[in-house]
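One structure is given below, encoded as structure tokens.
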Amino acid sequence: MKVITFIMSLVLSFSTLANDTNPAKDLLLEMASAVHTRNFDASFVVVKGKSMEPYRWVHAKQGDIELEHLSLLNGAGLEMIRIDDQVTYFEPQSEPYSLTTDSIAGPIPEVLFKDINRLSAHYDFVLGGKGRIAGRPAQLVRIESRNDDKYNYWIWIDTESSLLLKAAYVNHQGEALEQLQLTHISVTEQPASLLLEVLNRNFPTPLPANSIDEQSKANAMNWTIGWLPEGFELLKSDRHKLDLNNELTDYYLFSDGFVEVSVFVQRPLPGKRLSGALTSGATTIYVHNGGNFDVSVVGNIPTMSAKAIAESVSRAL
């Protein structure tokens with residue numbers, strides 16, 4: 001009897017291990033590792049409807065130091081440089097500034113280059129078909145939201161280098177709303193000279209890291225946000241003036257680990273504004289007139305989700 005019990009326990013253990021194995025998740029973890037360890041020089045475009053933004057993305061590992069450079073190639077330009085856990089942003093008409101962080105805040109969700117297990121509570125990882133992207137063999141991995149409150153995210157991974165080749169925000173009807181497509185990638189043995197040169201540059205001292213301090217907690221108590229999609233938590237809140245109209249606003253930043261949503265609450269502007277939404281690619285901007293206050297919700301979420309968040313805001317008692 002003891003032998004039978006022992007055998008049954010082994011069978012259950014192996015069954016559990018088999019169930020825990022997810023090839024789609026394994027590919028995402030391999031991609032995260034490759035992005036941090038390989039030397040590559042890539043170009044990609046982000047397509048939102050009729051607009052297109054071209055970027056250059058260069059990464060290198062020089063000894064124990066990790067180097068990364070991301071630049072927007074159109075317009076006045078935008079440059080971001082990472083050396084290990086310090087990122088410096090060079091923006092038009094602004095002084096450069098540095099932050100202590102291990103990832104660049106660009107068009108690719110930062111969590112994809114980290115441990116994506118944190119998404120397992122609210123997303124499923126599903127293996128798709130194979131194809132060819134930028135002349136390279138690719139495997140599709142789908143990050144599927146478990147409800148309609150959030151979009152899905154599809155990623156095509158290079159089967160040779162494990163690097164990202166294409167990504168898209170996809171709605172639950174299977175329509176791609178916004179795409180990121182590599183047009184060229186070169187994987188090399190040696191780091192690009194462009195990145196080695198940044199080691200000799202001087203960068204600003206990093207600003208203090210954002211955290212939910214006592215003042216943020218106090219600001220967060222000004223308003224009650226009654227509904228958020230499942231998994232969203234407060235990352236930051238403050239009170240500041242908007243550059244656009246110099247109006248004082250209460251600001252809240254929420255995230256589920258994958259998508260970030262910003263909520264702005266301020267006094268109504270002159271003239272009656274009707275509630276409504278604007279969309280660009282996967283990004284939704286929903287403005288709600290609450291009578292004696294206005295709410296604006298901005299994020300890569302469906303319009304109905306942004307509307308539900310905005311309409312759930314009320315003054316804290």
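Every chain in the structure tokens has a letter given in the order shown (A, B, ...), and although residue numbers restart at 1 in each chain, ligands are simply numbered from 1 in the order shown.
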
Can you pull out every residue within 12 Å of A:Lys150, counting only C-alpha atoms, but drop anything in the same chain fewer than 5 positions away, and send it as a PyMOL selection string? chain A and resi 122-123+143-145+169-172+228-232+255-256+258-261+282-284+299-306

Those residues with C-alpha atoms, as a compact mmCIF listing (two decimals), in the first residue's frame please?
# COMPACT_ATOMS: atom_id res chain seq x y z
CA HIS A 122 -3.86 38.44 -15.03
CA TYR A 123 -2.50 37.29 -18.42
CA ILE A 143 0.15 37.63 -24.06
CA GLU A 144 -3.61 37.31 -23.63
CA SER A 145 -5.64 39.37 -21.16
CA TYR A 169 -1.40 45.60 -29.26
CA VAL A 170 -4.36 43.49 -30.39
CA ASN A 171 -8.02 43.84 -29.38
CA HIS A 172 -10.23 40.88 -28.55
CA LEU A 228 -9.93 49.96 -12.19
CA PRO A 229 -9.27 46.92 -14.39
CA GLU A 230 -8.19 43.89 -12.41
CA GLY A 231 -4.61 43.98 -11.14
CA PHE A 232 -4.01 47.75 -11.34
CA SER A 255 -0.15 49.87 -13.45
CA ASP A 256 -0.86 46.15 -13.59
CA PHE A 258 2.30 45.58 -18.02
CA VAL A 259 0.13 48.60 -18.86
CA GLU A 260 0.21 52.03 -17.20
CA VAL A 261 -2.83 54.30 -16.89
CA ALA A 282 -3.72 51.54 -28.71
CA THR A 283 -3.70 54.77 -26.70
CA THR A 284 -7.01 56.10 -25.40
CA GLY A 299 -3.45 54.75 -21.31
CA ASN A 300 -3.19 51.77 -23.65
CA ILE A 301 -6.58 50.40 -22.68
CA PRO A 302 -9.96 50.03 -24.46
CA THR A 303 -12.20 53.09 -24.59
CA MET A 304 -14.87 51.45 -22.41
CA SER A 305 -12.27 50.78 -19.69
CA ALA A 306 -11.05 54.39 -19.76

Tell me, as a list in words, which residues lie within 7 Å of A:Ala168, counting only C-alpha atoms; anything in the same chain fewer than 6 positions away does not count. Tyr153, Trp154, Ile155, Ala176, Glu178, Gln179 and Leu180 of chain A

Min atom-atom distance to A:Thr279 from the set A:His36, A:Leu177, A:Gln190, A:Gln86, counting only C-alpha atoms, belongs to A:Leu177

When you look at stretch 95-111 of chain A with a cut-off of 9 Å (counting only C-alpha atoms), what residues show up, excluding the ones that are within fewer than 5 positions of it in the same chain? I need them as a PyMOL selection string. chain A and resi 32+46+68-70+80-90+116+118-119+167+180+203-209+257-259

Output file for the selection above: N, CA and C atoms, as a PDB file, in the first residue's frame:
ATOM      1  N   ALA A  32      13.973  38.006 -22.736  1.00  0.00           N
ATOM      2  CA  ALA A  32      14.442  38.971 -21.733  1.00  0.00           C
ATOM      3  C   ALA A  32      15.934  38.796 -21.473  1.00  0.00           C
ATOM      4  N   VAL A  46       7.320  52.319 -35.139  1.00  0.00           N
ATOM      5  CA  VAL A  46       6.069  52.150 -34.414  1.00  0.00           C
ATOM      6  C   VAL A  46       4.964  52.751 -35.275  1.00  0.00           C
ATOM      7  N   GLU A  68      22.964  50.669 -23.333  1.00  0.00           N
ATOM      8  CA  GLU A  68      21.813  50.681 -24.223  1.00  0.00           C
ATOM      9  C   GLU A  68      21.553  52.105 -24.703  1.00  0.00           C
ATOM     10  N   HIS A  69      21.180  52.230 -25.974  1.00  0.00           N
ATOM     11  CA  HIS A  69      20.914  53.539 -26.569  1.00  0.00           C
ATOM     12  C   HIS A  69      19.662  53.429 -27.425  1.00  0.00           C
ATOM     13  N   LEU A  70      18.665  54.268 -27.149  1.00  0.00           N
ATOM     14  CA  LEU A  70      17.433  54.304 -27.930  1.00  0.00           C
ATOM     15  C   LEU A  70      17.212  55.735 -28.382  1.00  0.00           C
ATOM     16  N   MET A  80      17.850  58.412 -25.464  1.00  0.00           N
ATOM     17  CA  MET A  80      17.872  57.795 -24.147  1.00  0.00           C
ATOM     18  C   MET A  80      19.078  56.866 -24.044  1.00  0.00           C
ATOM     19  N   ILE A  81      19.854  57.016 -22.999  1.00  0.00           N
ATOM     20  CA  ILE A  81      21.072  56.223 -22.821  1.00  0.00           C
ATOM     21  C   ILE A  81      21.030  55.540 -21.455  1.00  0.00           C
ATOM     22  N   ARG A  82      21.266  54.239 -21.452  1.00  0.00           N
ATOM     23  CA  ARG A  82      21.296  53.494 -20.188  1.00  0.00           C
ATOM     24  C   ARG A  82      22.683  52.896 -19.978  1.00  0.00           C
ATOM     25  N   ILE A  83      23.234  53.115 -18.787  1.00  0.00           N
ATOM     26  CA  ILE A  83      24.457  52.453 -18.347  1.00  0.00           C
ATOM     27  C   ILE A  83      24.108  51.719 -17.058  1.00  0.00           C
ATOM     28  N   ASP A  84      23.983  50.401 -17.155  1.00  0.00           N
ATOM     29  CA  ASP A  84      23.532  49.571 -16.039  1.00  0.00           C
ATOM     30  C   ASP A  84      22.188  50.064 -15.508  1.00  0.00           C
ATOM     31  N   ASP A  85      22.153  50.586 -14.285  1.00  0.00           N
ATOM     32  CA  ASP A  85      20.877  50.986 -13.684  1.00  0.00           C
ATOM     33  C   ASP A  85      20.694  52.500 -13.648  1.00  0.00           C
ATOM     34  N   GLN A  86      21.290  53.198 -14.613  1.00  0.00           N
ATOM     35  CA  GLN A  86      21.075  54.636 -14.741  1.00  0.00           C
ATOM     36  C   GLN A  86      20.676  54.962 -16.171  1.00  0.00           C
ATOM     37  N   VAL A  87      19.536  55.653 -16.325  1.00  0.00           N
ATOM     38  CA  VAL A  87      19.042  56.047 -17.645  1.00  0.00           C
ATOM     39  C   VAL A  87      19.013  57.570 -17.727  1.00  0.00           C
ATOM     40  N   THR A  88      19.571  58.116 -18.799  1.00  0.00           N
ATOM     41  CA  THR A  88      19.576  59.559 -19.019  1.00  0.00           C
ATOM     42  C   THR A  88      18.732  59.884 -20.250  1.00  0.00           C
ATOM     43  N   TYR A  89      17.853  60.882 -20.102  1.00  0.00           N
ATOM     44  CA  TYR A  89      16.948  61.290 -21.174  1.00  0.00           C
ATOM     45  C   TYR A  89      17.379  62.652 -21.711  1.00  0.00           C
ATOM     46  N   PHE A  90      17.506  62.735 -23.030  1.00  0.00           N
ATOM     47  CA  PHE A  90      17.813  63.993 -23.715  1.00  0.00           C
ATOM     48  C   PHE A  90      16.601  64.343 -24.563  1.00  0.00           C
ATOM     49  N   ILE A 116       8.677  38.047 -16.459  1.00  0.00           N
ATOM     50  CA  ILE A 116       7.275  38.224 -16.826  1.00  0.00           C
ATOM     51  C   ILE A 116       6.344  37.340 -15.986  1.00  0.00           C
ATOM     52  N   ARG A 118       5.453  37.938 -13.190  1.00  0.00           N
ATOM     53  CA  ARG A 118       4.594  38.861 -12.438  1.00  0.00           C
ATOM     54  C   ARG A 118       3.273  39.118 -13.157  1.00  0.00           C
ATOM     55  N   LEU A 119       3.211  38.795 -14.459  1.00  0.00           N
ATOM     56  CA  LEU A 119       1.978  38.989 -15.219  1.00  0.00           C
ATOM     57  C   LEU A 119       1.051  37.780 -15.167  1.00  0.00           C
ATOM     58  N   ALA A 167       6.012  43.411 -32.501  1.00  0.00           N
ATOM     59  CA  ALA A 167       5.056  43.371 -31.389  1.00  0.00           C
ATOM     60  C   ALA A 167       3.823  44.178 -31.781  1.00  0.00           C
ATOM     61  N   LEU A 180       4.795  47.480 -33.638  1.00  0.00           N
ATOM     62  CA  LEU A 180       6.215  47.805 -33.622  1.00  0.00           C
ATOM     63  C   LEU A 180       6.903  46.765 -34.499  1.00  0.00           C
ATOM     64  N   PHE A 203      27.178  62.409 -17.260  1.00  0.00           N
ATOM     65  CA  PHE A 203      25.726  62.458 -17.222  1.00  0.00           C
ATOM     66  C   PHE A 203      25.246  63.091 -15.920  1.00  0.00           C
ATOM     67  N   PRO A 204      24.040  63.661 -15.926  1.00  0.00           N
ATOM     68  CA  PRO A 204      23.512  64.282 -14.704  1.00  0.00           C
ATOM     69  C   PRO A 204      23.371  63.274 -13.572  1.00  0.00           C
ATOM     70  N   THR A 205      23.435  63.779 -12.355  1.00  0.00           N
ATOM     71  CA  THR A 205      23.203  62.930 -11.179  1.00  0.00           C
ATOM     72  C   THR A 205      21.749  62.465 -11.189  1.00  0.00           C
ATOM     73  N   PRO A 206      21.504  61.174 -10.945  1.00  0.00           N
ATOM     74  CA  PRO A 206      20.115  60.671 -10.994  1.00  0.00           C
ATOM     75  C   PRO A 206      19.201  61.387 -10.014  1.00  0.00           C
ATOM     76  N   LEU A 207      17.986  61.653 -10.464  1.00  0.00           N
ATOM     77  CA  LEU A 207      16.969  62.227  -9.589  1.00  0.00           C
ATOM     78  C   LEU A 207      16.513  61.180  -8.578  1.00  0.00           C
ATOM     79  N   PRO A 208      15.940  61.611  -7.445  1.00  0.00           N
ATOM     80  CA  PRO A 208      15.439  60.638  -6.463  1.00  0.00           C
ATOM     81  C   PRO A 208      14.399  59.719  -7.094  1.00  0.00           C
ATOM     82  N   ALA A 209      14.417  58.446  -6.734  1.00  0.00           N
ATOM     83  CA  ALA A 209      13.473  57.480  -7.285  1.00  0.00           C
ATOM     84  C   ALA A 209      12.058  57.804  -6.844  1.00  0.00           C
ATOM     85  N   GLY A 257       1.524  46.065 -13.985  1.00  0.00           N
ATOM     86  CA  GLY A 257       2.797  45.435 -14.264  1.00  0.00           C
ATOM     87  C   GLY A 257       3.119  45.410 -15.743  1.00  0.00           C
ATOM     88  N   PHE A 258       2.113  45.595 -16.575  1.00  0.00           N
ATOM     89  CA  PHE A 258       2.304  45.581 -18.023  1.00  0.00           C
ATOM     90  C   PHE A 258       1.878  46.906 -18.656  1.00  0.00           C
ATOM     91  N   VAL A 259       0.690  47.368 -18.303  1.00  0.00           N
ATOM     92  CA  VAL A 259       0.130  48.600 -18.861  1.00  0.00           C
ATOM     93  C   VAL A 259       0.038  49.660 -17.774  1.00  0.00           C
TER      94      VAL A 259
END

I need the residues of stretch 47-137 of chain A that end up classed as strand (DSSP E) by DSSP on the backbone, written out as a PyMOL selection string. chain A and resi 47-48+51-62+65-72+78-83+86-90+97-100+123-133+136-137

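The space between atom CA of A:Arg201 and atom CA of A:Ala34 spans 26.2 Å.
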
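With atom CA of A:Leu28 on one side and atom CA of A:Lys61 on the other, the separation reads 20.0 Å.
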
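Interatomic distance, atom CA of A:Ile185 against atom CA of A:Thr37: 15.3 Å.
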
Spatial neighbours of A:Val187, 8 Å, only C-alpha atoms, chain gap at least 3 places, as an MDAnalysis selection string: chainID A and resid 38:41 161

Write out as a ChimeraX atom specification which residues come within 9 Å of A:Gln62 when counting only C-alpha atoms, dropping same-chain ones fewer than 4 positions away. /A:66-67,190-191,196

Which of stretch 64-196 of chain A end up as alpha helix (DSSP H) when DSSP is run on this backbone - answer as JSON, numbers by chain? {"A": [193, 194, 195, 196]}

For all heavy atoms, I'd like the residues from the last selection saved as an mmCIF file, in the first residue's frame.
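Resulting contents of part.cif:
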data_model
loop_
_atom_site.group_PDB
_atom_site.id
_atom_site.type_symbol
_atom_site.label_atom_id
_atom_site.label_comp_id
_atom_site.auth_asym_id
_atom_site.auth_seq_id
_atom_site.Cartn_x
_atom_site.Cartn_y
_atom_site.Cartn_z
ATOM 1 N N SER A 193 30.685 50.774 -31.548
ATOM 2 C CA SER A 193 31.543 51.870 -31.076
ATOM 3 C C SER A 193 30.707 53.005 -30.494
ATOM 4 O O SER A 193 31.145 53.706 -29.578
ATOM 5 C CB SER A 193 32.404 52.386 -32.225
ATOM 6 O OG SER A 193 31.596 52.811 -33.311
ATOM 7 N N LEU A 194 29.489 53.188 -31.018
ATOM 8 C CA LEU A 194 28.581 54.222 -30.507
ATOM 9 C C LEU A 194 28.370 54.068 -29.007
ATOM 10 O O LEU A 194 28.348 55.054 -28.255
ATOM 11 C CB LEU A 194 27.242 54.126 -31.237
ATOM 12 C CG LEU A 194 26.059 54.887 -30.624
ATOM 13 C CD1 LEU A 194 26.250 56.381 -30.827
ATOM 14 C CD2 LEU A 194 24.741 54.449 -31.252
ATOM 15 N N LEU A 195 28.239 52.818 -28.541
ATOM 16 C CA LEU A 195 27.973 52.589 -27.121
ATOM 17 C C LEU A 195 29.239 52.682 -26.278
ATOM 18 O O LEU A 195 29.195 53.141 -25.133
ATOM 19 C CB LEU A 195 27.318 51.221 -26.930
ATOM 20 C CG LEU A 195 25.857 51.136 -27.370
ATOM 21 C CD1 LEU A 195 25.297 49.745 -27.133
ATOM 22 C CD2 LEU A 195 25.015 52.154 -26.617
ATOM 23 N N LEU A 196 30.341 52.254 -26.820
ATOM 24 C CA LEU A 196 31.584 52.356 -26.060
ATOM 25 C C LEU A 196 31.953 53.808 -25.788
ATOM 26 O O LEU A 196 32.548 54.139 -24.761
ATOM 27 C CB LEU A 196 32.713 51.654 -26.821
ATOM 28 C CG LEU A 196 32.541 50.142 -27.017
ATOM 29 C CD1 LEU A 196 33.731 49.574 -27.777
ATOM 30 C CD2 LEU A 196 32.377 49.440 -25.667
#

Using only C-alpha atoms for the distances, tell me which of A:Asn22, A:Gln139, A:Asn74, A:Ser186 is nearest to A:His59. A:Ser186
